[in-house]
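Below is target_10.txt, holding compact mmCIF, C-alpha atoms.
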```
# COMPACT_ATOMS: atom_id res chain seq x y z
CA MET A 1 100.63 103.56 101.39
CA ARG A 2 98.73 102.80 98.21
CA ASP A 3 95.02 102.21 98.42
CA PHE A 4 94.48 101.69 94.71
CA LEU A 5 96.20 99.94 91.85
CA ILE A 6 97.32 101.64 88.65
CA MET A 7 96.84 99.77 85.40
CA THR A 8 97.43 100.52 81.75
CA ASP A 9 97.94 98.95 78.35
CA SER A 10 101.23 97.96 76.76
CA CYS A 11 101.29 100.97 74.46
CA CYS A 12 103.11 102.62 77.40
CA ASP A 13 106.36 100.95 76.28
CA LEU A 14 107.43 100.08 79.82
CA THR A 15 109.49 96.94 80.11
CA ALA A 16 108.08 94.15 82.28
CA GLN A 17 110.75 94.94 84.87
CA MET A 18 109.81 98.64 84.95
CA ALA A 19 106.11 97.82 85.32
CA GLU A 20 106.87 95.39 88.14
CA GLU A 21 109.05 97.92 89.97
CA LEU A 22 106.29 100.53 89.67
CA GLY A 23 103.60 98.09 90.75
CA VAL A 24 101.64 98.72 87.54
CA VAL A 25 99.44 96.09 85.92
CA VAL A 26 99.87 96.18 82.14
CA LEU A 27 97.39 94.65 79.73
CA PRO A 28 99.19 93.66 76.51
CA LEU A 29 97.95 94.91 73.16
CA HIS A 30 98.13 92.44 70.31
CA LEU A 31 100.97 93.40 68.01
CA LEU A 32 100.80 92.54 64.32
CA ILE A 33 103.91 92.51 62.14
CA GLY A 34 103.15 91.25 58.67
CA GLU A 35 101.34 87.95 59.08
CA GLU A 36 102.56 87.37 62.65
CA THR A 37 100.61 88.24 65.79
CA PHE A 38 102.37 88.71 69.12
CA ALA A 39 100.09 88.82 72.18
CA ASN A 40 102.79 89.25 74.80
CA TYR A 41 104.83 92.14 73.43
CA LEU A 42 105.22 93.71 76.86
CA ASP A 43 106.88 90.85 78.68
CA GLY A 44 109.04 89.67 75.80
CA ARG A 45 107.77 86.10 75.84
CA GLU A 46 106.82 86.30 72.19
CA ILE A 47 108.72 89.38 71.02
CA GLY A 48 110.87 91.85 72.90
CA PHE A 49 111.75 95.47 72.25
CA LYS A 50 115.04 94.63 70.49
CA GLU A 51 113.45 92.20 68.04
CA PHE A 52 110.56 94.59 67.46
CA TYR A 53 112.85 97.50 66.57
CA ASP A 54 115.12 95.26 64.50
CA ARG A 55 112.08 94.33 62.41
CA VAL A 56 110.99 97.96 62.08
CA ARG A 57 114.51 98.95 60.94
CA GLY A 58 114.25 96.10 58.45
CA GLY A 59 111.14 97.65 56.91
CA ALA A 60 108.31 95.90 58.78
CA MET A 61 105.20 97.99 59.45
CA PRO A 62 103.73 97.01 62.84
CA THR A 63 100.18 97.68 63.92
CA THR A 64 98.32 96.96 67.13
CA SER A 65 94.89 95.64 67.85
CA ALA A 66 93.01 97.43 70.63
CA VAL A 67 92.22 95.70 73.90
CA ASN A 68 88.53 94.80 73.94
CA PRO A 69 86.26 95.23 76.99
CA ASP A 70 86.54 91.53 77.92
CA GLY A 71 90.32 91.87 78.05
CA TRP A 72 90.01 94.70 80.57
CA VAL A 73 87.38 92.80 82.58
CA ARG A 74 89.68 89.75 82.89
CA ILE A 75 92.36 91.97 84.44
CA MET A 76 90.07 94.21 86.54
CA LYS A 77 88.06 91.42 88.18
CA PRO A 78 90.86 89.85 90.30
CA ILE A 79 92.01 93.31 91.38
CA LEU A 80 88.50 94.18 92.53
CA ASP A 81 88.11 90.73 94.13
CA ALA A 82 91.24 91.54 96.16
CA GLY A 83 89.52 94.66 97.48
CA GLU A 84 91.54 97.23 95.57
CA ASP A 85 90.30 100.24 93.64
CA ILE A 86 91.67 100.97 90.17
CA LEU A 87 93.12 103.89 88.28
CA CYS A 88 93.36 102.93 84.61
CA LEU A 89 95.51 105.13 82.39
CA ALA A 90 94.66 104.17 78.81
CA PHE A 91 96.21 104.72 75.39
CA ASP A 92 95.13 107.89 73.51
CA SER A 93 91.46 107.66 72.48
CA GLY A 94 92.18 109.61 69.31
CA ILE A 95 94.18 106.75 67.83
CA SER A 96 92.80 103.65 69.54
CA THR A 97 89.57 102.26 70.97
CA THR A 98 91.50 100.86 73.95
CA TYR A 99 90.32 103.73 76.20
CA GLN A 100 86.67 103.25 75.22
CA SER A 101 86.96 99.52 75.89
CA ALA A 102 88.33 100.27 79.37
CA VAL A 103 85.38 102.61 80.04
CA ILE A 104 82.91 99.91 78.97
CA ALA A 105 84.66 97.34 81.17
CA ALA A 106 84.74 99.71 84.16
CA LYS A 107 80.99 100.37 83.87
CA GLU A 108 80.31 96.65 83.72
CA MET A 109 82.55 95.92 86.71
CA MET A 110 80.92 98.68 88.78
CA GLU A 111 77.61 96.84 88.48
CA TYR A 112 79.20 93.86 90.27
CA TYR A 113 81.45 95.84 92.62
CA PRO A 114 79.42 98.90 93.68
CA ASP A 115 81.63 99.46 96.75
CA ARG A 116 84.82 99.70 94.65
CA THR A 117 86.03 102.66 92.61
CA ILE A 118 87.35 102.49 89.07
CA ARG A 119 88.62 105.60 87.31
CA VAL A 120 89.57 105.43 83.63
CA VAL A 121 91.66 108.27 82.22
CA ASP A 122 92.35 108.98 78.57
CA THR A 123 96.06 109.78 78.66
CA LEU A 124 95.89 111.59 75.31
CA CYS A 125 99.32 110.13 74.64
CA ALA A 126 101.07 106.93 73.67
CA THR A 127 104.38 105.08 73.85
CA MET A 128 107.01 106.56 76.17
CA SER A 129 104.98 109.70 76.89
CA GLN A 130 102.31 107.37 78.28
CA GLY A 131 105.04 105.52 80.18
CA LEU A 132 106.35 108.77 81.67
CA LEU A 133 102.83 109.72 82.74
CA LEU A 134 102.51 106.32 84.45
CA MET A 135 105.81 106.83 86.26
CA LYS A 136 104.64 110.22 87.52
CA ALA A 137 101.28 108.80 88.60
CA CYS A 138 103.03 106.05 90.57
CA GLN A 139 105.32 108.60 92.18
CA LYS A 140 102.35 110.74 93.24
CA ARG A 141 100.52 107.68 94.59
CA GLU A 142 103.58 106.74 96.67
CA GLU A 143 103.73 110.32 97.97
CA GLY A 144 100.19 109.82 99.28
CA MET A 145 98.03 111.37 96.57
CA GLY A 146 94.59 109.78 96.57
CA LEU A 147 92.74 108.22 93.69
CA ASP A 148 90.38 111.12 93.02
CA ASP A 149 93.12 113.76 93.15
CA LEU A 150 95.39 111.72 90.93
CA THR A 151 92.56 111.15 88.46
CA GLN A 152 92.18 114.92 88.18
```

This structure in structure tokens:
Amino acid sequence: MRDFLIMTDSCCDLTAQMAEELGVVVLPLHLLIGEETFANYLDGREIGFKEFYDRVRGGAMPTTSAVNPDGWVRIMKPILDAGEDILCLAFDSGISTTYQSAVIAAKEMMEYYPDRTIRVVDTLCATMSQGLLLMKACQKREEGMGLDDLTQ
């Protein structure tokens, strides 16, 4: 039985269906392709994987904009309000400030929720390697591994 929720950012390249099946909360990065911004890359409401890769094959150079601390807070707060602890597995800190933003948000939330636990881990990876790490973390959680052990 899980006693904590696992969350991440959309750099993990999991589809919305995969994230739902794993029980993972995914915070979307903002995706920029040329002059267009897509906020919901993960769930395909604005752009899906097929369209994204079609554009890349067509020569588009996509970039992402890191999730800021307020973005993490908006997602963490209802989870903490529901009485759950959080393990946040964030995009590689060497190529994004998304991890640092999650750390800032976690520190802020701990001031308001001192009885909850939030662990933020720098995955040191991105894209499908981050997704594979998430899958393994979910598997270990379902096998009964606790938050502190899984964080390690």

Quiz item: If you count only C-alpha atoms, which residues fall within 8 Å of A:Ile33, apart from same-chain ones fewer than 5 positions away, as number ranges by chain?
Solution: A: 60-63

Mind running stretch 53-124 of chain A against stretch 16-29 of chain A at 7 Å and telling me each contacting residue's nearest atom pair with the distance in Å (one decimal), counting all atoms listed in the file, chain and number ascending, as a Markdown table?
```
| residue | atom | partner | partner_atom | distance |
| --- | --- | --- | --- | --- |
| A:Thr64 | CA | A:Leu29 | CA | 6.4 |
| A:Ser65 | CA | A:Leu29 | CA | 6.2 |
| A:Ala66 | CA | A:Leu29 | CA | 6.1 |
| A:Val67 | CA | A:Leu29 | CA | 5.8 |
```

Quiz prompt | Shell of 9 Å around stretch 127-129 of chain A, only C-alpha atoms, local chain residues under 3 positions omitted, as a count of residues only | solution = 9

Self-check item: Of the listed residues A:Glu46, A:Thr97, A:Asp92, A:Ile86, that which approaches A:Thr151 most closely, counting only C-alpha atoms
Solution: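 Smallest separation from A:Thr151 among the options: A:Ile86.
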
Self-check item: Residues within 12 Å of stretch 119-124 of chain A, all atoms listed in the file, excluding chain neighbours under 3 positions, as a VMD selection string
Solution: chain A and resid 4 to 9 11 to 12 72 76 85 to 107 109 to 110 116 127 to 134 137 146 to 152

Exercise. Would you work out the distance separating atom CA of A:Tyr112 from atom CA of A:Ala82, expressed in Å to one decimal?
Key: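 So the answer is 13.6 Å.
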
Quiz item: Hey, can you check how far atom CA of A:Asn68 sits from atom CA of A:Glu108?
Solution: 12.9 Å

Exercise. Calculate how many Å separate atom CA of A:Tyr53 from atom CA of A:Gly34, rounding to one decimal.
Key: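 Straight-line distance from atom CA of A:Tyr53 to atom CA of A:Gly34 works out to 14.0 Å.
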